[in-house]
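*Asks:* For reference, this is start00.pdb, and it has PDB, C-alpha atoms.
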```
ATOM      1  CA  MET P 346      30.026-146.077  -6.266
ATOM      2  CA  LYS P 347      32.005-142.915  -6.944
ATOM      3  CA  THR P 348      34.020-144.679  -9.653
ATOM      4  CA  LEU P 349      30.841-146.026 -11.258
ATOM      5  CA  TYR P 350      29.268-142.567 -11.305
ATOM      6  CA  LEU P 351      32.281-140.985 -12.954
ATOM      7  CA  LEU P 352      32.570-143.762 -15.505
ATOM      8  CA  THR P 353      28.930-143.431 -16.430
ATOM      9  CA  PHE P 354      29.119-139.649 -16.654
ATOM     10  CA  CYS P 355      32.161-139.704 -18.906
ATOM     11  CA  ALA P 356      31.001-142.591 -21.026
ATOM     12  CA  SER P 357      27.734-140.803 -21.673
ATOM     13  CA  LEU P 358      29.845-138.178 -23.436
ATOM     14  CA  PHE P 359      31.169-140.955 -25.636
ATOM     15  CA  SER P 360      27.873-141.275 -27.468
ATOM     16  CA  PHE P 361      27.718-139.606 -30.853
ATOM     17  CA  SER P 362      25.169-138.831 -33.526
ATOM     18  CA  ASP P 363      24.949-137.550 -37.082
ATOM     19  CA  VAL P 364      22.208-135.132 -36.041
ATOM     20  CA  ALA P 365      23.103-131.471 -36.454
ATOM     21  CA  CYS P 366      23.873-129.641 -33.225
ATOM     22  CA  ALA P 367      25.515-126.538 -31.827
ATOM     23  CA  GLN P 368      28.701-125.415 -33.465
ATOM     24  CA  VAL P 369      31.817-126.436 -31.557
ATOM     25  CA  ASP P 370      35.370-125.407 -32.320
ATOM     26  CA  GLN P 371      37.215-128.696 -32.860
ATOM     27  CA  SER P 372      40.539-126.996 -33.584
ATOM     28  CA  GLN P 373      41.421-127.084 -29.857
ATOM     29  CA  PRO P 374      40.972-130.330 -27.894
ATOM     30  CA  GLN P 375      40.399-128.702 -24.504
ATOM     31  CA  LEU P 376      37.814-126.285 -25.915
ATOM     32  CA  LEU P 377      36.018-129.175 -27.607
ATOM     33  CA  ILE P 378      35.703-131.120 -24.338
ATOM     34  CA  LYS P 379      34.718-128.025 -22.381
ATOM     35  CA  THR P 380      31.963-127.030 -24.802
ATOM     36  CA  ALA P 381      30.455-130.513 -25.092
ATOM     37  CA  THR P 382      30.440-130.965 -21.319
ATOM     38  CA  GLN P 383      28.919-127.533 -20.738
ATOM     39  CA  GLN P 384      26.066-128.250 -23.139
ATOM     40  CA  ILE P 385      25.048-131.249 -21.054
ATOM     41  CA  LEU P 386      25.338-129.381 -17.755
ATOM     42  CA  ASP P 387      23.263-126.509 -19.139
ATOM     43  CA  GLU P 388      20.536-128.973 -20.078
ATOM     44  CA  VAL P 389      20.548-130.457 -16.584
ATOM     45  CA  ARG P 390      20.306-127.007 -14.987
ATOM     46  CA  THR P 391      17.386-126.097 -17.228
ATOM     47  CA  LYS P 392      15.280-129.093 -16.257
ATOM     48  CA  ALA P 393      15.840-132.143 -14.086
ATOM     49  CA  ILE P 394      16.134-135.443 -15.943
ATOM     50  CA  ALA P 395      14.470-138.608 -14.708
ATOM     51  CA  PRO P 396      16.716-141.706 -14.803
ATOM     52  CA  ASP P 397      14.071-143.645 -16.755
ATOM     53  CA  ASP P 398      13.416-140.880 -19.296
ATOM     54  CA  PHE P 399      15.548-142.566 -21.918
ATOM     55  CA  ALA P 400      13.857-140.733 -24.786
ATOM     56  CA  ARG P 401      14.893-137.341 -23.398
ATOM     57  CA  ILE P 402      18.372-138.583 -22.587
ATOM     58  CA  MET P 403      18.740-139.796 -26.155
ATOM     59  CA  ASP P 404      17.481-136.412 -27.362
ATOM     60  CA  ILE P 405      20.205-134.701 -25.320
ATOM     61  CA  VAL P 406      22.801-137.058 -26.753
ATOM     62  CA  ASN P 407      21.592-136.479 -30.311
ATOM     63  CA  ARG P 408      21.111-132.744 -30.020
ATOM     64  CA  ASP P 409      23.718-131.467 -27.578
ATOM     65  CA  ILE P 410      26.697-133.776 -27.948
ATOM     66  CA  VAL P 411      28.591-132.932 -31.079
ATOM     67  CA  PRO P 412      29.673-135.735 -33.426
ATOM     68  CA  TYR P 413      33.296-135.512 -32.346
ATOM     69  CA  THR P 414      33.905-139.098 -31.243
ATOM     70  CA  ASP P 415      35.693-141.533 -33.521
ATOM     71  CA  PHE P 416      33.806-144.560 -32.341
ATOM     72  CA  ARG P 417      35.280-146.816 -34.991
ATOM     73  CA  ARG P 418      38.739-146.054 -33.624
ATOM     74  CA  THR P 419      37.538-146.738 -30.085
ATOM     75  CA  THR P 420      36.076-150.088 -31.102
ATOM     76  CA  SER P 421      39.120-151.163 -33.107
ATOM     77  CA  LEU P 422      41.470-150.367 -30.209
ATOM     78  CA  ALA P 423      39.225-152.220 -27.780
ATOM     79  CA  MET P 424      39.326-155.211 -30.134
ATOM     80  CA  GLY P 425      43.131-155.161 -30.349
ATOM     81  CA  HIS P 426      44.634-157.522 -32.924
ATOM     82  CA  TYR P 427      41.271-159.269 -33.321
ATOM     83  CA  TRP P 428      40.021-156.234 -35.258
ATOM     84  CA  ARG P 429      42.141-157.233 -38.262
ATOM     85  CA  THR P 430      40.619-160.721 -38.310
ATOM     86  CA  ALA P 431      37.065-159.380 -38.524
ATOM     87  CA  THR P 432      35.386-158.855 -41.892
ATOM     88  CA  PRO P 433      34.207-155.342 -42.858
ATOM     89  CA  GLU P 434      30.629-156.430 -42.109
ATOM     90  CA  GLN P 435      31.618-157.754 -38.677
ATOM     91  CA  GLN P 436      33.556-154.580 -37.936
ATOM     92  CA  GLN P 437      30.525-152.400 -38.679
ATOM     93  CA  LYS P 438      28.287-154.573 -36.509
ATOM     94  CA  LEU P 439      30.792-154.324 -33.669
ATOM     95  CA  VAL P 440      30.910-150.531 -33.951
ATOM     96  CA  ASP P 441      27.114-150.280 -33.954
ATOM     97  CA  GLN P 442      26.608-152.673 -31.053
ATOM     98  CA  PHE P 443      29.402-151.217 -28.909
ATOM     99  CA  LYS P 444      27.996-147.738 -29.419
ATOM    100  CA  MET P 445      24.546-148.824 -28.291
ATOM    101  CA  LEU P 446      25.969-150.735 -25.322
ATOM    102  CA  LEU P 447      27.575-147.577 -23.976
ATOM    103  CA  ILE P 448      24.454-145.527 -24.579
ATOM    104  CA  TYR P 449      22.184-148.029 -22.822
ATOM    105  CA  THR P 450      24.586-148.814 -20.012
ATOM    106  CA  TYR P 451      25.414-145.227 -19.181
ATOM    107  CA  SER P 452      22.187-143.411 -20.006
ATOM    108  CA  GLY P 453      21.457-142.956 -16.310
ATOM    109  CA  ALA P 454      24.648-140.965 -15.880
ATOM    110  CA  ILE P 455      23.137-137.772 -17.250
ATOM    111  CA  ALA P 456      20.226-138.108 -14.829
ATOM    112  CA  GLN P 457      22.697-138.300 -11.934
ATOM    113  CA  LEU P 458      24.277-134.945 -12.719
ATOM    114  CA  ASN P 459      23.681-132.194 -10.189
ATOM    115  CA  PRO P 460      22.912-128.590 -11.166
ATOM    116  CA  ASP P 461      25.882-127.546  -9.027
ATOM    117  CA  GLN P 462      28.286-129.904 -10.804
ATOM    118  CA  ARG P 463      31.596-128.123 -11.418
ATOM    119  CA  ILE P 464      34.218-128.980 -14.027
ATOM    120  CA  GLU P 465      37.689-127.407 -13.971
ATOM    121  CA  TYR P 466      40.127-127.461 -16.873
ATOM    122  CA  PRO P 467      43.806-127.244 -15.846
ATOM    123  CA  PRO P 468      46.119-125.565 -18.369
ATOM    124  CA  ILE P 469      47.329-127.777 -21.205
ATOM    125  CA  HIS P 470      50.328-127.321 -23.482
ATOM    126  CA  ILE P 471      50.009-128.658 -27.010
ATOM    127  CA  ALA P 472      52.901-128.423 -29.442
ATOM    128  CA  PRO P 473      52.124-127.725 -33.110
ATOM    129  CA  THR P 474      53.412-131.202 -33.971
ATOM    130  CA  ASP P 475      51.257-133.050 -31.399
ATOM    131  CA  THR P 476      48.673-135.333 -32.979
ATOM    132  CA  ASP P 477      47.533-137.262 -29.894
ATOM    133  CA  VAL P 478      46.847-135.546 -26.567
ATOM    134  CA  ALA P 479      45.158-136.084 -23.203
ATOM    135  CA  VAL P 480      42.891-133.347 -21.850
ATOM    136  CA  ARG P 481      42.756-133.337 -18.063
ATOM    137  CA  THR P 482      39.676-132.182 -16.160
ATOM    138  CA  ILE P 483      38.661-132.079 -12.504
ATOM    139  CA  SER P 484      35.028-132.928 -11.790
ATOM    140  CA  THR P 485      33.661-131.886  -8.401
ATOM    141  CA  ARG P 486      30.430-133.374  -7.085
ATOM    142  CA  ASN P 487      29.203-132.933  -3.518
ATOM    143  CA  GLY P 488      32.554-131.386  -2.663
ATOM    144  CA  GLU P 489      34.530-134.411  -3.878
ATOM    145  CA  PRO P 490      36.970-133.746  -6.759
ATOM    146  CA  ALA P 491      38.055-136.452  -9.185
ATOM    147  CA  GLU P 492      40.346-136.332 -12.202
ATOM    148  CA  ILE P 493      39.021-137.300 -15.623
ATOM    149  CA  ASP P 494      41.231-137.530 -18.712
ATOM    150  CA  TYR P 495      40.068-137.496 -22.323
ATOM    151  CA  ARG P 496      42.305-138.747 -25.119
ATOM    152  CA  LEU P 497      41.911-137.169 -28.544
ATOM    153  CA  TYR P 498      43.739-137.308 -31.858
ATOM    154  CA  SER P 499      44.030-134.832 -34.682
ATOM    155  CA  THR P 500      42.208-135.326 -37.988
ATOM    156  CA  PRO P 501      41.752-133.067 -41.046
ATOM    157  CA  GLN P 502      38.290-132.236 -39.655
ATOM    158  CA  GLY P 503      39.621-131.347 -36.193
ATOM    159  CA  TRP P 504      40.284-133.148 -32.916
ATOM    160  CA  ARG P 505      38.333-136.316 -32.221
ATOM    161  CA  LEU P 506      37.753-138.119 -28.926
ATOM    162  CA  TYR P 507      38.446-141.847 -28.712
ATOM    163  CA  ASP P 508      39.247-142.805 -25.103
ATOM    164  CA  LEU P 509      38.831-141.588 -21.537
ATOM    165  CA  ASN P 510      40.374-142.290 -18.160
ATOM    166  CA  VAL P 511      38.483-142.104 -14.861
ATOM    167  CA  LEU P 512      40.399-142.643 -11.616
ATOM    168  CA  GLY P 513      43.087-144.558 -13.490
ATOM    169  CA  VAL P 514      40.668-146.696 -15.526
ATOM    170  CA  TRP P 515      40.882-146.300 -19.309
ATOM    171  CA  LEU P 516      37.702-147.254 -21.147
ATOM    172  CA  ILE P 517      39.461-149.023 -24.026
ATOM    173  CA  GLN P 518      41.702-151.007 -21.706
ATOM    174  CA  THR P 519      38.702-152.109 -19.648
ATOM    175  CA  TYR P 520      36.787-153.470 -22.612
ATOM    176  CA  ARG P 521      39.810-154.964 -24.384
ATOM    177  CA  GLN P 522      40.117-157.815 -21.887
ATOM    178  CA  GLN P 523      36.379-158.481 -21.944
ATOM    179  CA  PHE P 524      36.308-158.548 -25.738
ATOM    180  CA  SER P 525      39.369-160.801 -25.894
ATOM    181  CA  ASP P 526      37.840-163.302 -23.486
ATOM    182  CA  LYS P 527      34.590-163.446 -25.433
ATOM    183  CA  ILE P 528      36.343-163.837 -28.816
ATOM    184  CA  GLN P 529      38.517-166.653 -27.495
ATOM    185  CA  GLU P 530      35.385-168.339 -26.232
ATOM    186  CA  SER P 531      33.094-167.976 -29.256
ATOM    187  CA  GLY P 532      34.817-165.954 -31.981
ATOM    188  CA  VAL P 533      34.023-162.517 -33.389
ATOM    189  CA  ASP P 534      30.447-163.525 -34.195
ATOM    190  CA  GLY P 535      30.106-164.660 -30.585
ATOM    191  CA  LEU P 536      31.147-161.212 -29.384
ATOM    192  CA  ILE P 537      28.661-159.560 -31.748
ATOM    193  CA  LYS P 538      25.891-161.811 -30.446
ATOM    194  CA  PHE P 539      26.888-161.108 -26.850
ATOM    195  CA  LEU P 540      26.746-157.337 -27.419
ATOM    196  CA  ASN P 541      23.452-157.603 -29.286
ATOM    197  CA  ASP P 542      21.859-159.763 -26.573
ATOM    198  CA  ARG P 543      23.067-157.385 -23.878
ATOM    199  CA  ASN P 544      21.651-154.396 -25.733
ATOM    200  CA  GLN P 545      18.282-156.125 -26.053
ATOM    201  CA  GLN P 546      18.280-156.797 -22.308
ATOM    202  CA  LEU P 547      19.073-153.165 -21.525
ATOM    203  CA  ALA P 548      16.478-151.939 -24.025
ATOM    204  CA  SER P 549      13.825-153.998 -22.232
ATOM    205  CA  GLY P 550      14.787-152.489 -18.883
ATOM    206  CA  LYS P 551      16.751-155.477 -17.604
ATOM    207  CA  GLN P 552      20.101-154.838 -15.940
TER     208      GLN P 552
END
```
Please express the file's structure as structure tokens.
*Replies:*
Amino acid sequence: MKTLYLLTFCASLFSFSDVACAQVDQSQPQLLIKTATQQILDEVRTKAIAPDDFARIMDIVNRDIVPYTDFRRTTSLAMGHYWRTATPEQQQKLVDQFKMLLIYTYSGAIAQLNPDQRIEYPPIHIAPTDTDVAVRTISTRNGEPAEIDYRLYSTPQGWRLYDLNVLGVWLIQTYRQQFSDKIQESGVDGLIKFLNDRNQQLASGKQ
């Protein structure tokens, strides 16, 4: 249960939007993560969020979570070598469906946050030549600390998030095996259909 909570909390931060939101300094990876996380916690402390209030949760995602996630990179890495076999149209459908899967699956995570949730950010050393880094955080809930790692890479526009690790479980690694199994079973189109069907189930309230 603890692992599930942490995965859902972190994956909720993986959602992104093109909607304008608060300015965040993307020149420093740790500051980026800290600011985005704090925006969500501030929203929770302002007003409690019901688990079934998906519209408000989506509003928080769209308004308070800066567009700093490279979701295309996340999807391509989760696909592994199968990404190169997909057509540009298939790739875009995969990105769109995978994004929505995470949003639907983990929307309840924000509602589970406590007003007294604490996040600590241990010191991080980044060399000027580093282009790929992991930002370590310690999340404490009900007195129980747990380490959460965010992996980011440098772009001309600033640092961008593309993977996270909760209690030793990397998001990309987790989905890579699932995607591989589905592609071997029914091809890339089969994976797209699977993701689409699952999103429709979650949209209708089915688990």
*Asks:* Between atom CA of Pro460 of chain P and atom CA of Ala400 of chain P, what distance in Å does the model show, to one decimal?
*Replies:*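 Between atom CA of Pro460 of chain P and atom CA of Ala400 of chain P the gap is 20.4 Å.
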*Asks:* Between atom CA of Arg390 of chain P and atom CA of Glu465 of chain P, what is the distance, to one decimal in Å?
*Replies:*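 So the two atoms, atom CA of Arg390 of chain P and atom CA of Glu465 of chain P, lie 17.4 Å apart.
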*Asks:* Enter the distance from atom CA of Val480 of chain P to atom CA of Val440 of chain P, in Å, rounded to one decimal.
*Replies:* 24.2 Å
*Asks:* Leaving out Ile537 of chain P and any residue of its chain fewer than 3 positions from it, which residues lie within 8 Å of it when counting all atoms listed in the file, given as a PyMOL selection string?
*Replies:* chain P and resi 435+438-439+442+533-534+540-541
*Asks:* Apply the PyMOL selection byres ((chain P and resi 373) around 12) to the structure shown and report the selected residues as JSON, numbers by chain.
*Replies:* {"P": [369, 370, 371, 372, 374, 375, 376, 377, 378, 379, 380, 413, 469, 470, 471, 472, 473, 475, 476, 477, 478, 479, 480, 497, 498, 499, 500, 502, 503, 504, 505, 506]}
*Asks:* Taking only C-alpha atoms into account, which of P:Ile448, P:Val511, P:Ala431, P:Ala381 comes nearest Arg481 of chain P?
*Replies:*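 Result for the nearest residue to Arg481 of chain P: P:Val511.
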*Asks:* Using all atoms listed in the file, which protein or nucleic acid residues come within 7 Å of segment 515-530 of chain P? Drop anything in the same chain fewer than 6 positions from it, and give the result as an MDAnalysis selection string.
*Replies:* chainID P and resid 419 422:425 508:509 536
*Asks:* Compare P:Tyr449, P:Arg429, P:Gly513, P:Ile493 by their minimum atom-to-atom distance to Pro467 of chain P, counting all atoms listed in the file, and give me the closest one.
*Replies:* P:Ile493
*Asks:* From the set P:Gln437, P:Asp387, P:Thr430, P:Arg418, which residue has the shortest atom-to-atom contact distance to Gly532 of chain P, counting only C-alpha atoms?
*Replies:* P:Thr430
*Asks:* As a PDB file with C-alpha atoms, keeping the file's coordinate frame, please: the residues near Ser549 of chain P (cut-off 12 Å, only C-alpha atoms, same-chain neighbours under 5 positions excluded).
*Replies:*
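The result, stored in part.pdb:
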```
ATOM      1  CA  ASP P 397      14.071-143.645 -16.755  1.00  0.00           C
ATOM      2  CA  PHE P 399      15.548-142.566 -21.918  1.00  0.00           C
ATOM      3  CA  TYR P 449      22.184-148.029 -22.822  1.00  0.00           C
ATOM      4  CA  ASP P 542      21.859-159.763 -26.573  1.00  0.00           C
ATOM      5  CA  ARG P 543      23.067-157.385 -23.878  1.00  0.00           C
ATOM      6  CA  ASN P 544      21.651-154.396 -25.733  1.00  0.00           C
TER       7      ASN P 544
END
```
*Asks:* I need the residue nearest Phe539 of chain P from this list: P:Gly488, P:Gln462, P:Phe443, P:Val389. Use only C-alpha atoms for the distance.
*Replies:*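 Looking only at the distances to Phe539 of chain P, the closest residue turns out to be P:Phe443.
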*Asks:* Residues picked by the PyMOL selection byres ((chain P and resi 489) around 12) here, as an NGL selection string?
*Replies:* :P and (347-348 or 351 or 462-464 or 483-488 or 490-492)
*Asks:* From the set P:Asp461, P:Leu447, P:Arg496, P:Thr420, which residue has the shortest atom-to-atom contact distance to Ala548 of chain P, counting all atoms listed in the file?
*Replies:*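 So, comparing all the options, the nearest one is P:Leu447.
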*Asks:* Have segment 512-543 of chain P completed to N, CA and C atoms, please, and pass it along as a short mmCIF file (atom, residue, chain, number, x, y, z; two decimals), keeping the file's coordinate frame.
*Replies:*
```cif
data_model
loop_
_atom_site.label_atom_id
_atom_site.label_comp_id
_atom_site.auth_asym_id
_atom_site.auth_seq_id
_atom_site.Cartn_x
_atom_site.Cartn_y
_atom_site.Cartn_z
N LEU P 512 39.76 -142.06 -12.80
CA LEU P 512 40.40 -142.64 -11.62
C LEU P 512 41.35 -143.77 -11.99
N GLY P 513 42.09 -143.57 -13.08
CA GLY P 513 43.09 -144.56 -13.49
C GLY P 513 42.56 -145.68 -14.35
N VAL P 514 41.28 -145.63 -14.72
CA VAL P 514 40.67 -146.70 -15.53
C VAL P 514 40.39 -146.17 -16.93
N TRP P 515 41.12 -146.68 -17.92
CA TRP P 515 40.88 -146.30 -19.31
C TRP P 515 39.78 -147.16 -19.91
N LEU P 516 38.85 -146.54 -20.60
CA LEU P 516 37.70 -147.25 -21.15
C LEU P 516 38.13 -148.36 -22.11
N ILE P 517 39.03 -148.03 -23.04
CA ILE P 517 39.46 -149.02 -24.03
C ILE P 517 40.14 -150.21 -23.36
N GLN P 518 41.00 -149.94 -22.41
CA GLN P 518 41.70 -151.01 -21.71
C GLN P 518 40.73 -151.92 -20.97
N THR P 519 39.69 -151.33 -20.38
CA THR P 519 38.70 -152.11 -19.65
C THR P 519 37.98 -153.09 -20.55
N TYR P 520 37.55 -152.60 -21.71
CA TYR P 520 36.79 -153.47 -22.61
C TYR P 520 37.67 -154.42 -23.42
N ARG P 521 38.94 -154.11 -23.59
CA ARG P 521 39.81 -154.96 -24.38
C ARG P 521 39.89 -156.37 -23.81
N GLN P 522 40.03 -156.49 -22.50
CA GLN P 522 40.12 -157.82 -21.89
C GLN P 522 38.79 -158.56 -22.01
N GLN P 523 37.69 -157.85 -21.82
CA GLN P 523 36.38 -158.48 -21.94
C GLN P 523 36.14 -158.98 -23.36
N PHE P 524 36.48 -158.16 -24.34
CA PHE P 524 36.31 -158.55 -25.74
C PHE P 524 37.20 -159.74 -26.08
N SER P 525 38.44 -159.71 -25.62
CA SER P 525 39.37 -160.80 -25.89
C SER P 525 38.85 -162.12 -25.34
N ASP P 526 38.36 -162.08 -24.11
CA ASP P 526 37.84 -163.30 -23.49
C ASP P 526 36.67 -163.86 -24.28
N LYS P 527 35.78 -162.99 -24.71
CA LYS P 527 34.59 -163.45 -25.43
C LYS P 527 34.97 -163.99 -26.81
N ILE P 528 35.92 -163.36 -27.50
CA ILE P 528 36.34 -163.84 -28.82
C ILE P 528 37.03 -165.18 -28.71
N GLN P 529 37.87 -165.36 -27.69
CA GLN P 529 38.52 -166.65 -27.50
C GLN P 529 37.50 -167.75 -27.20
N GLU P 530 36.42 -167.37 -26.60
CA GLU P 530 35.38 -168.34 -26.23
C GLU P 530 34.48 -168.71 -27.40
N SER P 531 34.09 -167.69 -28.21
CA SER P 531 33.09 -167.98 -29.26
C SER P 531 33.32 -167.20 -30.55
N GLY P 532 34.51 -166.63 -30.74
CA GLY P 532 34.82 -165.95 -31.98
C GLY P 532 34.22 -164.56 -32.07
N VAL P 533 34.51 -163.89 -33.19
CA VAL P 533 34.02 -162.52 -33.39
C VAL P 533 32.50 -162.49 -33.44
N ASP P 534 31.91 -163.47 -34.13
CA ASP P 534 30.45 -163.52 -34.20
C ASP P 534 29.85 -163.73 -32.80
N GLY P 535 30.57 -164.46 -31.95
CA GLY P 535 30.11 -164.66 -30.58
C GLY P 535 30.10 -163.36 -29.81
N LEU P 536 31.10 -162.52 -30.04
CA LEU P 536 31.15 -161.21 -29.38
C LEU P 536 30.00 -160.33 -29.88
N ILE P 537 29.77 -160.35 -31.19
CA ILE P 537 28.66 -159.56 -31.75
C ILE P 537 27.34 -160.00 -31.13
N LYS P 538 27.13 -161.30 -31.03
CA LYS P 538 25.89 -161.81 -30.45
C LYS P 538 25.78 -161.41 -28.98
N PHE P 539 26.88 -161.49 -28.26
CA PHE P 539 26.89 -161.11 -26.85
C PHE P 539 26.49 -159.64 -26.68
N LEU P 540 27.07 -158.76 -27.50
CA LEU P 540 26.75 -157.34 -27.42
C LEU P 540 25.29 -157.08 -27.80
N ASN P 541 24.83 -157.77 -28.85
CA ASN P 541 23.45 -157.60 -29.29
C ASN P 541 22.47 -158.07 -28.21
N ASP P 542 22.74 -159.23 -27.62
CA ASP P 542 21.86 -159.76 -26.57
C ASP P 542 21.83 -158.83 -25.37
N ARG P 543 23.00 -158.29 -25.02
CA ARG P 543 23.07 -157.38 -23.88
C ARG P 543 22.29 -156.10 -24.17
#
```
